[in-house]
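Undergrad: Have a look at this one before I ask anything.
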Amino acid sequence: MVTENSSAVVTSSYKPLLPLEERRASGLVGLRVRRHLASKRPWCIMVRQGTVKRCVVALLLLTIVSIFCYAHYLISSPFSSLIRRDSRPEPSIRCAILTGATRVPAVAHDHRSAARLRIDAKVLVFVETTYSRLGREIAELLVYNRIKYKVEVSGKSLPVLTNLDKGKYGVIVFENLNKYLQMDKWNRELLDKYCREYSVGIVGFNPPSEETLVGAQLRGFPLFIHTNLRLKDAALNAGSPILRLTRAGETAWGALPGEDWTVFSPNHSTYEPLAWATRNSEDFLSEETTRVPLPTVLQDHGVYDGIQRVLFGGGLRFWLHKLLFLDSLSYLSHGQLSLSLQRFLLVDVDDIFVGERGTRLKKDDVVALLATQQRIQQLVPGFRFNLGFSGKYFHHGTSEENLGDDMLLGKLLMDFQSILIVICNDPVMQVVLFQEHGIPVDSGYSIAPHHSGVYPVHELLYEAWKRVWNIRVTSTEEYPHLRPARLRRGFIHRNIMVLPRQTCGLFTHTIMIERYPGGREKLDETIQGGELFQTIVYNPINIFMTHMSNYGNDRLALYTFESVIKFLQCWTNLRLTTAPPLQIGERYFQLYPEEGDPVWGNPCDDGRHQKIWSHNKTCEQLPRFLVIGPQKTGTTALYTFLSMHPDISSNFPSPDTFEEIQFFNGKNYYRGLDCLLSSTWLLICVYLQVTILISPARRAYSWYQHTRAHGDQVALNYSFHQVITASDTAPKPLRELRNRCLNPGKYSQHLERWLSYYPPQQLHIIDGDQLRSNPVETMNELQRFLKIQPPFDYSTHLRYDPKKGFFCQVINGDHTKCLGRSKGRQYPPMEDKSYKLLQRYYLSHNTALVKLLKRLGYRSVPQWLKDDLSDTVTA
């Protein structure tokens, strides 16, 4: 028998670096295996040869018994509970800063300097095409962080870079660095001059290429690149002044996404690595080769040519690059594009007491909830889970779960925040339950079940919230739509603040790790640099909705939030904090006051919104198209002509505003879609606009004369020229009339606002002069745009009236019905000095309108627009 000591002697005599063939030849491998087997020999090998059959039978019986025992172990409730809890994921995020062992200080550099005062907080992005992948990713990242930007296709002329003595852009971004290096001499010199004069930096991404380059020099720079590499184990330069949001000191272990990385090899002191990685060991035989750090992101301090740059050797697929990109924008813009480092975090736990038996919280789950909350409080001061209750389902679980209900209710007042979620038929019973346990119900925060009624807005819900519960803040993930998440915003309706809610990947049915889509690997991916991590990074205020069942069973919510908070601490300098919902709501609209006014969308465009919408509201109540346009451009005539069509029904005329519903201004808009639904419509599909344009100068004069005809005292006391030349120090009534005359004629501005909410193909522009002189053809074009079949024959229903000077409706065979006396009124001609002044005033606006029309695909420009521009030039 070989003893342990003798085995150790044999083992220690092995030569680890000896080739396998030599070890086999020397017999050392076989010796080790034989002696190992001798010391670990199974019992059945020691029996006599005649008992082999009995040995096999015994093994078979033992196997069968083991299978039955294991099956019973799996299905019996006590043992299955043990198995489930043994398989629960536990937070495993580890880094030096969490243990206090790091030597790298957490420095969040303040990039602000006086140079930021000379540039706007806007990014100019040059893309290869309007559909290029990286270009879209850059734009989406900017949108997510509410950073203003302009996109230009590389190769075209440069846009205007300055406005008076200020730069229009704080950073220039090139999706493809080669497009910057290969710019024509004129544009390159112009761009570089702008960057030097206004201290504007450049971000460039080196694109993947089919050709593998080794030591290729970048054109015009002492910098060399190596392309198409596979990399792993990324780390940051802790001494870089760029780092603000991103925290150095750790290594992102593992393979980096993609096989087309570029690394840099500088040959000048102006360059400093911002991030490193190493080559994938699978590509090389020598380990020493893989350990050499290779710069993947490089900072150019501007020593070489006076322009600071940050160069990326990969795109934005790697999560760490997204953080470094945001930090680069902050650094290169001298703090003008810096993001706040404060993040508010609120975690709502819905459906307390509501879950089915077998899925609810037990006492040990409540203990785990409290323990996790305490650990999170060490990282997020003041953090407490926000629990939402429905008293109807209290004590509806198993005996163990009912004990969990009791413990949870007993701990509520002291340890958790509470919110109001009324989802039972007897809300009074719920209030009584809370009062018996001393639980406050006056937090001013409520969540509607299944998002119902928050958005799309159900007025009765808001009315009940205000009158019964004094609710002042709520949240939803549906405004304006669930996806994409980067577009979620807040709004205020009936003085109730509606905050954007985020998602964390956990839903009511997601209670076991094996049921999570993609399993634990996918969950860890979203936590460690993925969607959940980025959601908190990009949003100053984060409200997450979870459910009670996420905190029992596998306790996935506890795992998820503790893990992502720790990962944020490891890799960012964010300051995580929390506050009661009311304070968070006030903070949100301090940050984004422009979001206070809601933007009402069409619920019929979204299947989820249709399901949420009240049953007494239907898509058939909404208009198919809207007629937009300022006063005195012919909107009344168009309204009349459209009303003649047998297949078109207009809204009911208002005694106050006549044919105009006045929905988009004043108090009607704030009443919500219910105001719009109060009108009756026939054709329903999607919103389309029809807008009428005439000469803005003539429109301003026509509006002035219109107000005079209606007895407006200001118009009667001041001449038209005095009105349009009134200064900002003039009396308020005079300034208001000046603005009503001038502002509606800035057509390009108003159309751009509509186009920010509707695609160009839903807009039809009508030449007001053509509508007046040739309404039949104008209306035929409009019918084609509206796709109305069969078309209406306007040639037999419109006739020119020489007395009125415009076309009127034909009725009773041979008679005409014209618009009222106020329409077509003849005014004295406008003074020439006023006309010339207005032409100069509208020059930039008319020029912008021409560009807009060409962008929209209009081949011809209205004659009045040509005349206004040509007369201005000659003047």
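Numbering starts fresh at 1 for the residues of each chain in the structure tokens, the chains themselves are lettered A, B, ... in the order given, and ligands are numbered from 1 as they appear.
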At a cut-off of 12 Å, using only C-alpha atoms, what residues contact Leu642 (chain A)? Leave out same-chain residues fewer than 4 positions from it and give the result as a VMD selection string.
TA: chain A and resid 625 to 627 635 to 638 646 to 651 659 690 775 to 776 778 to 780 782 to 783 786 788 791 to 794 797 to 798 809
Undergrad: Determine, counting only C-alpha atoms, which protein, DNA and RNA residues have an atom within 7 Å of an atom of region 456-473 of chain A; residues of the same chain fewer than 3 positions away are not included. Present the result as a PyMOL selection string.
TA: chain A and resi 444-446+453+495-498+582+585+603+609+613-614
Undergrad: Just checking: using only C-alpha atoms, which residue out of A:Thr572, A:Ala238, A:Ala730, A:Leu339 ends up closest to Tyr718 (chain A)?
TA: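 Among A:Thr572, A:Ala238, A:Ala730, A:Leu339, it is A:Ala730 that comes nearest to Tyr718 (chain A).
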Undergrad: Find, counting only C-alpha atoms, the residue in A:Glu478, A:Asp348, A:Asp327, A:Asp233 that gets nearest to Leu274 (chain A).
TA: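 Counting only C-alpha atoms, the residue closest to Leu274 (chain A) is A:Asp327.
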Undergrad: List every residue of region 550-588 of chain A that DSSP, applied to the backbone of this structure, places in strand (DSSP E or B), and write the result as a ChimeraX atom specification.
TA: /A:572,575-577
Undergrad: Can you tell me which residues surround Gly204 (chain A) at a distance of at most 6 Å, considering only C-alpha atoms, apart from same-chain residues fewer than 4 positions away, and format the answer as a VMD selection string?
TA: chain A and resid 173 to 174 177 311
Undergrad: Take the selection from the previous step and output its residues with N, CA, C and O atoms, as a compact mmCIF listing (two decimals), in the first residue's frame.
TA:
# COMPACT_ATOMS: atom_id res chain seq x y z
N VAL A 173 -17.66 66.11 -32.51
CA VAL A 173 -17.54 64.65 -32.45
C VAL A 173 -17.54 64.09 -33.86
O VAL A 173 -18.43 64.42 -34.67
N PHE A 174 -16.56 63.23 -34.15
CA PHE A 174 -16.50 62.55 -35.44
C PHE A 174 -16.75 61.06 -35.21
O PHE A 174 -15.99 60.39 -34.51
N LEU A 177 -13.06 58.91 -37.32
CA LEU A 177 -11.91 59.80 -37.21
C LEU A 177 -11.28 60.09 -38.57
O LEU A 177 -10.76 61.19 -38.81
N LEU A 311 -9.40 60.35 -28.36
CA LEU A 311 -9.54 59.38 -29.44
C LEU A 311 -9.91 58.03 -28.86
O LEU A 311 -9.24 57.53 -27.94
Undergrad: May I ask for the distance between CA of Ile527 (chain A) and CA of Ile147 (chain A), given in Å to one decimal place?
TA: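 So the two atoms, CA of Ile527 (chain A) and CA of Ile147 (chain A), lie 24.4 Å apart.
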Undergrad: Write out as a list of chain:residue names which residues come within 9 Å of region 275-277 of chain A when counting only C-alpha atoms, dropping same-chain ones fewer than 2 positions away.
TA: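 Residues meeting the cut-off are A:Leu231, A:Lys232, A:Asp233, A:Ala234, A:Ala235, A:Leu236, A:Asn237, A:Leu256, A:Val263, A:Pro273, A:Arg279, A:Arg291, A:Val292, A:Pro293, A:Leu294, A:Pro295, A:Thr296, A:Val297, A:Leu298, A:Leu324.
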Undergrad: Which value, in Å to one decimal, gives the distance between CA of Tyr331 (chain A) and CA of Leu316 (chain A)?
TA: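 Result for CA of Tyr331 (chain A) versus CA of Leu316 (chain A): 18.2 Å, one decimal.
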Undergrad: Within region 638-801 of chain A, find each residue whose DSSP state, derived from the backbone, is alpha helix (DSSP H), and express the selection as number ranges by chain.
TA: A: 638-643, 667-670, 673-677, 696-709, 713-717, 720-724, 732-742, 747-755, 768-773, 775-786
Undergrad: Name all residues at most 12 Å from region 520-523 of chain A (count only C-alpha atoms; drop same-chain ones fewer than 6 positions away) and give them as a list in words.
TA: Ser87, Arg88, Pro89, Glu90, Pro91, Cys504, Gly505, Leu506, Thr510, Met512, Ile513, Glu514, Gly529, Gly530, Glu531, Leu532, Phe533, Asp554, Leu556, Ala557, Tyr559, Thr560, Phe561, Ser563 and Val564 of chain A
